[in-house]
Amino acid sequence: MLASRHVDHANQAPVTLFPAEQCCLTIDRFSLAYAGKSALQELTLQVPRHRVTAFIGPSGCGKSTLLRAINRLHDLNESVSHSGDITLEGHNIHAADMKVTELRRRVGMVFQTPNPFPMSIYENVAFGLRLQKRLAKRQRDDVIEWALTSAALWDEVKDRLHRSAWQLSGGQQQRLVIARTLAVQPDVLLLDEPASALDPISTLKIEELIRNLKSQLTLVLVTHNMQQAARVSDYTAFLQQGELVEYGPTDHVFTNPRLQRTENYITGRMA
Amino acid sequence: MTWLKNAMQQGVWPWLCAGSVAISLLMLGALLALLLTRGLGHFWPAGLDEITLNNGEVVAGEAVREMPLPDQTGSERLYFTGNRDLDDARWRWVAIDTIARQTQPADLLRLERRAWGDFIGYLEAVEVNGERFTGDDAWQQVQQALALPTAQRTHYQLTLRTPQGQTLRQSLATVINVEAPNAMHLGQKLRAWGSEVWQFLSQGPRAANTGGGVWPAIFGTMLMVIVMSVIVTPFGVLAAIYLNEIAHQGPLTRLVRIGVRNLAGVPSIVYGVFGLGVFVYGIGGSLDEWFFDDALPSPTFGTGGLLWASLTLALLTLPVVIVATEEGLARIPEAQREGAVALGATRLEMLTRVVLPMAMPAMLTGVILAVARAAGEVAPLMLVGVAKLAPQMPLDGEFPYLHLERKFMHLGYHLFDTAFHGEDVQAAIPLVYATALLLVLIVLVLNLTAILLRHHLRRQRGSEC
Amino acid sequence: MDITSDTHSTHISRQFNQELEELKTHLMAMGGMVEKQVQDAVFALLENDSRLAEKVRDNDRQVNDLQIQIDDECTRVLARRQPAASDLRLVLAVIRATSDLERIGDEASKIARNALTLSENSNTVRGLVEVRHISEHVRKMLRDSLTAFARFDTELAMQVIREDEFVDGEYGSAMRSLMTFMMEDSRSITSVLSVMWVLRALERVGDHANNLAEHVVYLVKGLDIRHTDPDTLDQQAAPKKS
């Protein structure tokens, strides 16, 4: 049986984290540069299916860049160049036959600041659906109810689906954005610091939601908040200056990291 | 007195700033007050004086204003006396010292006529189909007849007497209105004032723009502005979208953007010259050669007209629309665009479904700014299609209903023309104020509409943008 | 990843450094106090010094107070700093160590109480040689484990763990010889029983010192070696350069 492997900088030896058949996303020697300035260097790691994987690291370490690369959001920026492969369920996301809109449907993304569109709650969730196949209204209503329920928002908004989404609180808006992403039934959900603009209670609700969504899809979480990574993730990758420093089960990384650099970061020490 | 103490502690700057604000507000207030009093006061049915001078001469008319005499020995008063057909002068300066007697006879009338301006004097008699009425009967007959259509009034012949004793016969058909302001009470005066204002707004000009209303000018202004908006909005919005969303943000785009911003500062008469040269003579001339050669040498499109004026103003206001729209687009958070793209939207879907609806208030602001500017612009219009007196309205019941090649009237030009090209400057002054007030009000109404519309859009969406 | 004794003083937050430093200082103070208690108790027993024995018995209260104080500090650090990795291990090791030290303090006062009982007995007491012998070992274990804690020295800690096996063996043979004393002379049963209690207490002190050493290994290496066979331990805890 082949095992999932990634190269550990400490001893350059492959470390087995989970069996290969559980692998959802494979990042293989992926490098990325903004206008010639290197942002990610030869990153190699694998993200397990139906688990929460957290990317942590200091500002500018490339964790958000990596997340956006998975969704090919860098396509909008002409000054970005990359090498290496990112593979989603065995398909290279940069392959010619991979349509970027289809990739982005399969890989949903939630951003730092809640960004509901200036339309009703219902229309927000329907946005992604309307971009694709035409659904009968009844069917669409069902999908929207399911998405909002999955995002733990249905009970709070079911009586005001046609009110403006901007009237919701920050935490509700973020859950709405998650619902909007869930509505198109993605395989992977990328979360870029989803709770950094929210109050502690809303943050806990988002974290609870992340844990619950694990059964439906694969989640990748970028966060500045190490406690958050420790609370919700199953695996943690620590990035620094565009390289992967340490990747392992969250329990291990947060109690006994292998490397001094990781230890310094998660315990708040000077490098 | 703590506020005073605080203010003193902050030094002289707050006072300077507050002072400049106060002065600006004062000037604006003065402008509005002047326009309101002079403009609206013109329509008020003022009392008519009959005065006897020391030398026995009788003068009747409306006192307009007083000025000190050049030698400082007293002051003189200007009377509007009307009756230009009889004594060839409508205005009379009277030194106040020379006035022996001054009365306000209740039966002194003022007739608004289609020719020769107003008549001020007394009604002697009315003849209706050979029957003759005098005194109060005559007055009642006239009052009843004024309600009739013009064609039926030809049967009425008035015999009028000037205060100086001359008699004049006048058909009632040439009379628009008769009033005896000295005999009117406040309610009647208000009603008369209202109807005067309404006539000003709803009727065409008379007597070389020194009398009558400004309706064609209002209509022309509105129509020109609408045609201009229809042209400038899509162009401006598309240009802004290209500059902000599609173009590569390099030095060239920056240069174009700086160029667009600077275009907003080019004097408007330059646009007029461009419009005359390119639109009227260039394109218009060619159109005439190709399609209207049977009408040549009299030009159809080869002369100033509604279309060319609208196009010129569209060009003039294009930078305003582009800049406002671009600013609106730039204010939309990047997260909104990424949110749409991350859901699998193409760039076009992102633009049409998320970005443009969010930029709508900004676009609206741009269009309104453009409209406000175009409504007040005169200089380029003089070159490309505005007329002192347009023979036909540019919109009528005749196919193709909207006549883009016709010349039209414009409030701003009307104002300019009345003020500087009228034969009778004294009569024109109050009209100039009234027209200016109207122009200010139209721009104000347009801006208010825009603000309300924008407010409504924002409320619909929640907040922000 | 191994840590050293200054690992906990390199945080960006100096306040945090100070708090962790205080934890360690207070733990060492408690360790010193407990060590003195054991020494005094054994001395009181061997030299038949009933006044010293009473002092040891009364001092136990101070040990208990110190435990509560240090545990409070740990709770505060946990609640306010949410320590992770080596910091978390330090706090956990300190909490566990205070509990072991408090037990050692209890054992010391138990020895002191038995010393008091024995001092009332006019007959010569048998078995004191074994007590002296085992107490030397146990006190060395306690001292070494505290030193290992202070220096983050896993090798010293491993020595303590190995020493414990030896002490357990010594304890077995001492018990057997005390049994013979009881069988030879039935009048000495009371006093020998007291000595057996003392030996039992010393053996417990050795076990707690062994626990302390295990906490040091957990603290430094992040390995939990409690309830592990000592032979496999040697392989795991052998210093590995990474």
# chains A, B, ... in the order shown; residues from 1 in each chain; ligands from 1
$ closest_atom_pairs --of "chain A" --to "chain B" --cutoff "10 Å" --atoms "only C-alpha atoms" --output "CSV"
residue,atom,partner,partner_atom,distance
A:Arg68,CA,B:Ala342,CA,9.5
A:Asn71,CA,B:Ala342,CA,7.1
A:Arg72,CA,B:Ala342,CA,8.9
A:Leu73,CA,B:Ala342,CA,7.3
A:Leu76,CA,B:Glu338,CA,9.4
A:Asn77,CA,B:His248,CA,9.8
A:Glu78,CA,B:His248,CA,8.9
A:Lys99,CA,B:Gly344,CA,9.7
A:Val100,CA,B:Gly344,CA,7.5
A:Thr101,CA,B:Gly344,CA,4.2
A:Glu102,CA,B:Gly344,CA,6.4
A:Leu103,CA,B:Gly344,CA,7.5
A:Arg104,CA,B:Gly344,CA,4.9
A:Arg105,CA,B:Gly344,CA,5.1
A:Arg106,CA,B:Gly344,CA,8.7
A:Val107,CA,B:Ala342,CA,8.0
A:Gly108,CA,B:Ala342,CA,6.3
A:Met109,CA,B:Ala342,CA,5.9
A:Val110,CA,B:Gly339,CA,7.5
A:Phe111,CA,B:Ala335,CA,7.2
A:Gln112,CA,B:Ala335,CA,8.5
A:Thr113,CA,B:Ala335,CA,7.4
A:Pro114,CA,B:Ala335,CA,8.2
A:Asn115,CA,B:Gln336,CA,5.6
A:Pro116,CA,B:Gln336,CA,7.4
A:Phe117,CA,B:Val354,CA,6.6
A:Pro118,CA,B:Arg461,CA,5.3
A:Met119,CA,B:Arg461,CA,6.2
A:Ser120,CA,B:Arg461,CA,8.1
A:Phe127,CA,B:Leu343,CA,8.2
A:Gly128,CA,B:Leu343,CA,5.7
A:Leu129,CA,B:Leu343,CA,9.2
A:Arg130,CA,B:Ala345,CA,9.8
A:Leu131,CA,B:Ala345,CA,6.5
A:Gln132,CA,B:Gly344,CA,8.7
A:Arg163,CA,B:Gln460,CA,8.7
A:Ser164,CA,B:Arg461,CA,5.6
A:Ala165,CA,B:Gly462,CA,7.6
A:Trp166,CA,B:Gly462,CA,5.1
A:Gln167,CA,B:Gly462,CA,5.7
A:Leu168,CA,B:Gly462,CA,9.3
A:Val177,CA,B:Gly339,CA,8.6
A:Arg180,CA,B:Leu343,CA,8.3
A:Thr181,CA,B:Leu343,CA,6.6
A:Leu182,CA,B:Leu343,CA,9.7
A:Ala183,CA,B:Leu343,CA,9.8
A:Val184,CA,B:Leu343,CA,8.0
A:Pro186,CA,B:Leu343,CA,9.6
$ write_last_selection --atoms "C-alpha atoms" --output "PDB file, in the first residue's frame"
ATOM      1  CA  ARG A  68      -5.505  31.325  -3.516  1.00  0.00           C
ATOM      2  CA  ASN A  71      -8.494  28.244  -6.460  1.00  0.00           C
ATOM      3  CA  ARG A  72      -6.390  29.723  -9.287  1.00  0.00           C
ATOM      4  CA  LEU A  73      -7.347  33.196  -8.125  1.00  0.00           C
ATOM      5  CA  LEU A  76      -6.526  37.490 -12.428  1.00  0.00           C
ATOM      6  CA  ASN A  77      -3.055  38.850 -11.832  1.00  0.00           C
ATOM      7  CA  GLU A  78      -0.763  38.803 -14.834  1.00  0.00           C
ATOM      8  CA  LYS A  99     -11.997  24.878 -16.922  1.00  0.00           C
ATOM      9  CA  VAL A 100     -11.190  27.482 -14.309  1.00  0.00           C
ATOM     10  CA  THR A 101     -14.860  28.185 -13.607  1.00  0.00           C
ATOM     11  CA  GLU A 102     -15.449  24.481 -13.043  1.00  0.00           C
ATOM     12  CA  LEU A 103     -12.408  24.312 -10.732  1.00  0.00           C
ATOM     13  CA  ARG A 104     -13.725  27.229  -8.737  1.00  0.00           C
ATOM     14  CA  ARG A 105     -17.095  25.571  -8.423  1.00  0.00           C
ATOM     15  CA  ARG A 106     -15.417  22.469  -7.040  1.00  0.00           C
ATOM     16  CA  VAL A 107     -13.114  24.491  -4.789  1.00  0.00           C
ATOM     17  CA  GLY A 108     -15.092  27.093  -2.875  1.00  0.00           C
ATOM     18  CA  MET A 109     -13.415  29.978  -1.165  1.00  0.00           C
ATOM     19  CA  VAL A 110     -14.372  32.133   1.811  1.00  0.00           C
ATOM     20  CA  PHE A 111     -12.474  35.351   2.454  1.00  0.00           C
ATOM     21  CA  GLN A 112     -11.339  37.267   5.483  1.00  0.00           C
ATOM     22  CA  THR A 113     -13.983  39.979   5.380  1.00  0.00           C
ATOM     23  CA  PRO A 114     -17.522  38.759   4.829  1.00  0.00           C
ATOM     24  CA  ASN A 115     -18.384  39.736   1.257  1.00  0.00           C
ATOM     25  CA  PRO A 116     -22.062  39.097   0.628  1.00  0.00           C
ATOM     26  CA  PHE A 117     -23.249  40.614  -2.627  1.00  0.00           C
ATOM     27  CA  PRO A 118     -25.557  43.627  -2.521  1.00  0.00           C
ATOM     28  CA  MET A 119     -28.688  41.575  -3.001  1.00  0.00           C
ATOM     29  CA  SER A 120     -31.102  39.583  -0.890  1.00  0.00           C
ATOM     30  CA  PHE A 127     -25.809  33.358  -7.138  1.00  0.00           C
ATOM     31  CA  GLY A 128     -23.574  30.373  -7.769  1.00  0.00           C
ATOM     32  CA  LEU A 129     -26.536  28.208  -8.803  1.00  0.00           C
ATOM     33  CA  ARG A 130     -27.678  30.724 -11.381  1.00  0.00           C
ATOM     34  CA  LEU A 131     -24.209  30.713 -12.960  1.00  0.00           C
ATOM     35  CA  GLN A 132     -24.661  27.058 -13.769  1.00  0.00           C
ATOM     36  CA  ARG A 163     -34.141  41.133   2.794  1.00  0.00           C
ATOM     37  CA  SER A 164     -30.769  42.631   1.990  1.00  0.00           C
ATOM     38  CA  ALA A 165     -27.843  40.452   3.001  1.00  0.00           C
ATOM     39  CA  TRP A 166     -26.021  43.527   4.232  1.00  0.00           C
ATOM     40  CA  GLN A 167     -28.442  43.844   7.114  1.00  0.00           C
ATOM     41  CA  LEU A 168     -27.039  40.681   8.712  1.00  0.00           C
ATOM     42  CA  VAL A 177     -20.948  33.436   2.389  1.00  0.00           C
ATOM     43  CA  ARG A 180     -23.373  30.586  -0.822  1.00  0.00           C
ATOM     44  CA  THR A 181     -20.283  28.491  -1.452  1.00  0.00           C
ATOM     45  CA  LEU A 182     -21.896  25.275  -0.214  1.00  0.00           C
ATOM     46  CA  ALA A 183     -24.863  25.762  -2.544  1.00  0.00           C
ATOM     47  CA  VAL A 184     -22.800  24.740  -5.559  1.00  0.00           C
ATOM     48  CA  PRO A 186     -17.888  21.972  -3.821  1.00  0.00           C
TER      49      PRO A 186
END
$ residues_around --residues "segment 320-326 of chain B" --least-positions-apart "3" --cutoff "9 Å" --atoms "only C-alpha atoms" --output "PyMOL selection string"
chain B and resi 232-233+235-241+243-244+257+260-261+264+316-317+329-331+359-370
$ closest_atom_pairs --of "chain C" --to "chain A" --cutoff "10 Å" --atoms "only C-alpha atoms" --output "CSV"
residue,atom,partner,partner_atom,distance
C:Met1,CA,A:Arg258,CA,4.9
C:Asp2,CA,A:Arg258,CA,8.7
C:Ile3,CA,A:Gln260,CA,8.8
C:Thr7,CA,A:Arg269,CA,9.1
C:His8,CA,A:Arg269,CA,8.8
C:Ser9,CA,A:Arg269,CA,8.7
C:Thr10,CA,A:Arg269,CA,5.6
C:His11,CA,A:Arg269,CA,4.0
C:Ile12,CA,A:Arg269,CA,5.2
C:Ser13,CA,A:Gly268,CA,7.7
C:Phe16,CA,A:Gly268,CA,9.7
C:Asn17,CA,A:Arg269,CA,9.8
C:Arg81,CA,A:Thr267,CA,9.6
C:Gln82,CA,A:Gln227,CA,8.0
C:Pro83,CA,A:Thr267,CA,6.6
C:Ala84,CA,A:Thr267,CA,5.6
C:Ala85,CA,A:Thr255,CA,3.9
C:Ser86,CA,A:Asn256,CA,6.8
C:Asp87,CA,A:Thr267,CA,6.9
C:Leu88,CA,A:Thr255,CA,7.0
C:Arg89,CA,A:Thr255,CA,7.2
C:Tyr218,CA,A:Asn256,CA,9.8
C:Leu219,CA,A:Asn256,CA,9.7
C:Val220,CA,A:Asn256,CA,9.7
C:Lys221,CA,A:Asn256,CA,7.9
C:Gly222,CA,A:Asn256,CA,5.6
C:Leu223,CA,A:Asn256,CA,8.7
C:Ser242,CA,A:Ala10,CA,7.7
$ write_last_selection --atoms "N, CA and C atoms" --output "PDB file, in the first residue's frame"
ATOM      1  N   MET C   1      11.626  17.579  19.477  1.00  0.00           N
ATOM      2  CA  MET C   1      12.656  18.588  19.656  1.00  0.00           C
ATOM      3  C   MET C   1      12.953  18.792  21.143  1.00  0.00           C
ATOM      4  N   ASP C   2      14.235  18.715  21.501  1.00  0.00           N
ATOM      5  CA  ASP C   2      14.591  18.898  22.912  1.00  0.00           C
ATOM      6  C   ASP C   2      14.641  20.371  23.262  1.00  0.00           C
ATOM      7  N   ILE C   3      14.361  20.663  24.523  1.00  0.00           N
ATOM      8  CA  ILE C   3      14.461  22.050  24.955  1.00  0.00           C
ATOM      9  C   ILE C   3      15.504  22.160  26.058  1.00  0.00           C
ATOM     10  N   THR C   7      14.997  27.776  27.383  1.00  0.00           N
ATOM     11  CA  THR C   7      13.966  27.827  26.359  1.00  0.00           C
ATOM     12  C   THR C   7      12.806  28.729  26.780  1.00  0.00           C
ATOM     13  N   HIS C   8      12.507  28.689  28.071  1.00  0.00           N
ATOM     14  CA  HIS C   8      11.306  29.403  28.504  1.00  0.00           C
ATOM     15  C   HIS C   8      11.543  30.868  28.795  1.00  0.00           C
ATOM     16  N   SER C   9      12.735  31.372  28.458  1.00  0.00           N
ATOM     17  CA  SER C   9      12.959  32.792  28.720  1.00  0.00           C
ATOM     18  C   SER C   9      13.203  33.540  27.424  1.00  0.00           C
ATOM     19  N   THR C  10      12.703  32.996  26.298  1.00  0.00           N
ATOM     20  CA  THR C  10      12.945  33.665  25.020  1.00  0.00           C
ATOM     21  C   THR C  10      11.656  34.159  24.374  1.00  0.00           C
ATOM     22  N   HIS C  11      10.596  34.232  25.158  1.00  0.00           N
ATOM     23  CA  HIS C  11       9.332  34.693  24.563  1.00  0.00           C
ATOM     24  C   HIS C  11       9.392  36.165  24.222  1.00  0.00           C
ATOM     25  N   ILE C  12       8.551  36.552  23.259  1.00  0.00           N
ATOM     26  CA  ILE C  12       8.447  37.970  22.922  1.00  0.00           C
ATOM     27  C   ILE C  12       7.846  38.713  24.107  1.00  0.00           C
ATOM     28  N   SER C  13       6.926  38.044  24.806  1.00  0.00           N
ATOM     29  CA  SER C  13       6.343  38.673  25.986  1.00  0.00           C
ATOM     30  C   SER C  13       7.235  38.425  27.193  1.00  0.00           C
ATOM     31  N   PHE C  16       5.526  36.949  30.204  1.00  0.00           N
ATOM     32  CA  PHE C  16       5.328  35.505  30.126  1.00  0.00           C
ATOM     33  C   PHE C  16       6.597  34.786  30.584  1.00  0.00           C
ATOM     34  N   ASN C  17       7.738  35.273  30.108  1.00  0.00           N
ATOM     35  CA  ASN C  17       9.016  34.707  30.561  1.00  0.00           C
ATOM     36  C   ASN C  17       9.087  34.699  32.079  1.00  0.00           C
ATOM     37  N   ARG C  81      -2.515  32.629  29.251  1.00  0.00           N
ATOM     38  CA  ARG C  81      -1.529  32.566  28.167  1.00  0.00           C
ATOM     39  C   ARG C  81      -1.831  31.486  27.140  1.00  0.00           C
ATOM     40  N   GLN C  82      -2.711  30.571  27.475  1.00  0.00           N
ATOM     41  CA  GLN C  82      -2.944  29.416  26.597  1.00  0.00           C
ATOM     42  C   GLN C  82      -1.630  28.890  26.028  1.00  0.00           C
ATOM     43  N   PRO C  83      -0.732  28.414  26.914  1.00  0.00           N
ATOM     44  CA  PRO C  83       0.581  28.003  26.429  1.00  0.00           C
ATOM     45  C   PRO C  83       0.475  26.810  25.490  1.00  0.00           C
ATOM     46  N   ALA C  84       1.410  26.714  24.567  1.00  0.00           N
ATOM     47  CA  ALA C  84       1.452  25.592  23.634  1.00  0.00           C
ATOM     48  C   ALA C  84       2.834  24.976  23.704  1.00  0.00           C
ATOM     49  N   ALA C  85       2.940  23.780  23.143  1.00  0.00           N
ATOM     50  CA  ALA C  85       4.215  23.082  22.991  1.00  0.00           C
ATOM     51  C   ALA C  85       5.022  23.064  24.294  1.00  0.00           C
ATOM     52  N   SER C  86       6.287  23.522  24.274  1.00  0.00           N
ATOM     53  CA  SER C  86       7.156  23.375  25.447  1.00  0.00           C
ATOM     54  C   SER C  86       6.606  24.136  26.644  1.00  0.00           C
ATOM     55  N   ASP C  87       5.936  25.272  26.385  1.00  0.00           N
ATOM     56  CA  ASP C  87       5.364  26.031  27.497  1.00  0.00           C
ATOM     57  C   ASP C  87       4.266  25.226  28.172  1.00  0.00           C
ATOM     58  N   LEU C  88       3.424  24.616  27.316  1.00  0.00           N
ATOM     59  CA  LEU C  88       2.344  23.797  27.848  1.00  0.00           C
ATOM     60  C   LEU C  88       2.928  22.642  28.658  1.00  0.00           C
ATOM     61  N   ARG C  89       4.000  22.030  28.111  1.00  0.00           N
ATOM     62  CA  ARG C  89       4.596  20.891  28.814  1.00  0.00           C
ATOM     63  C   ARG C  89       5.201  21.327  30.136  1.00  0.00           C
ATOM     64  N   TYR C 218       9.289  14.159  30.059  1.00  0.00           N
ATOM     65  CA  TYR C 218       8.126  14.672  29.317  1.00  0.00           C
ATOM     66  C   TYR C 218       8.341  16.136  28.956  1.00  0.00           C
ATOM     67  N   LEU C 219       8.823  16.888  29.951  1.00  0.00           N
ATOM     68  CA  LEU C 219       9.030  18.323  29.743  1.00  0.00           C
ATOM     69  C   LEU C 219      10.027  18.582  28.628  1.00  0.00           C
ATOM     70  N   VAL C 220      11.134  17.838  28.663  1.00  0.00           N
ATOM     71  CA  VAL C 220      12.208  18.146  27.724  1.00  0.00           C
ATOM     72  C   VAL C 220      11.945  17.540  26.354  1.00  0.00           C
ATOM     73  N   LYS C 221      11.474  16.288  26.332  1.00  0.00           N
ATOM     74  CA  LYS C 221      11.364  15.594  25.052  1.00  0.00           C
ATOM     75  C   LYS C 221       9.934  15.465  24.540  1.00  0.00           C
ATOM     76  N   GLY C 222       8.975  15.789  25.377  1.00  0.00           N
ATOM     77  CA  GLY C 222       7.587  15.631  24.951  1.00  0.00           C
ATOM     78  C   GLY C 222       7.167  14.176  24.920  1.00  0.00           C
ATOM     79  N   LEU C 223       7.939  13.279  25.576  1.00  0.00           N
ATOM     80  CA  LEU C 223       7.587  11.856  25.592  1.00  0.00           C
ATOM     81  C   LEU C 223       6.967  11.519  26.934  1.00  0.00           C
ATOM     82  N   SER C 242      19.202  15.853  16.592  1.00  0.00           N
ATOM     83  CA  SER C 242      18.391  16.122  15.408  1.00  0.00           C
ATOM     84  C   SER C 242      18.822  17.434  14.773  1.00  0.00           C
TER      85      SER C 242
END
$ residues_around --residues "Phe274 of chain B" --least-positions-apart "2" --cutoff "12 Å" --atoms "only C-alpha atoms" --output "MDAnalysis selection string"
chainID B and resid 266:272 276:283 308:309 311:313 315:316 380:381 383:384
$ select_by_dssp --residues "segment 15-251 of chain A" --states "alpha helix (DSSP H)" --output "number ranges by chain"
A: 63-70, 100-106, 121-131, 137-150, 154-157, 170-182, 200-213, 226-232, 250-251
$ atom_distance --atom1 "atom CA of Leu67 of chain A" --atom2 "atom CA of Glu246 of chain A"
16.9 Å
$ residues_around --residues "segment 201-212 of chain C" --least-positions-apart "2" --cutoff "9 Å" --atoms "only C-alpha atoms" --output "PyMOL selection string"
chain C and resi 38+93+96-97+100-101+103-108+110-111+131+134-135+137-139+141-146+148-149+157-158+160-164+167-168+171+196-199+214-217+226
$ residues_around --residues "Gln69 of chain C" --least-positions-apart "5" --cutoff "9 Å" --atoms "only C-alpha atoms" --output "mmCIF file with C-alpha atoms, in the first residue's frame"
data_model
loop_
_atom_site.group_PDB
_atom_site.id
_atom_site.type_symbol
_atom_site.label_atom_id
_atom_site.label_comp_id
_atom_site.auth_asym_id
_atom_site.auth_seq_id
_atom_site.Cartn_x
_atom_site.Cartn_y
_atom_site.Cartn_z
ATOM 1 C CA HIS C 26 8.728 28.261 43.231
ATOM 2 C CA ASN C 64 0.820 21.895 51.325
ATOM 3 C CA CYS C 74 -0.199 27.276 36.834
#
$ atom_distance --atom1 "atom CA of Gly130 of chain B" --atom2 "atom CA of Gly117 of chain B"
27.3 Å
$ select_by_dssp --residues "segment 104-244 of chain A" --states "strand (DSSP E or B)" --output "list of chain:residue names"
A:Val107, A:Gly108, A:Met109, A:Val110, A:Ser120, A:Ser164, A:Val188, A:Leu189, A:Leu190, A:Leu191, A:Asp192, A:Thr218, A:Leu219, A:Val220, A:Leu221, A:Val222, A:Tyr235, A:Thr236, A:Ala237, A:Phe238, A:Leu239, A:Gln240, A:Glu243, A:Leu244
$ residues_around --residues "Arg187 of chain C" --least-positions-apart "6" --cutoff "12 Å" --atoms "only C-alpha atoms" --output "list of chain:residue names"
C:Asn121, C:Asn123, C:Thr124, C:Val125, C:Arg126, C:Phe181, C:Leu193
$ residues_around --residues "segment 60-77 of chain B" --least-positions-apart "2" --cutoff "8 Å" --atoms "only C-alpha atoms" --output "PyMOL selection string"
chain B and resi 46-51+58+79-82+93-97+120-121+163
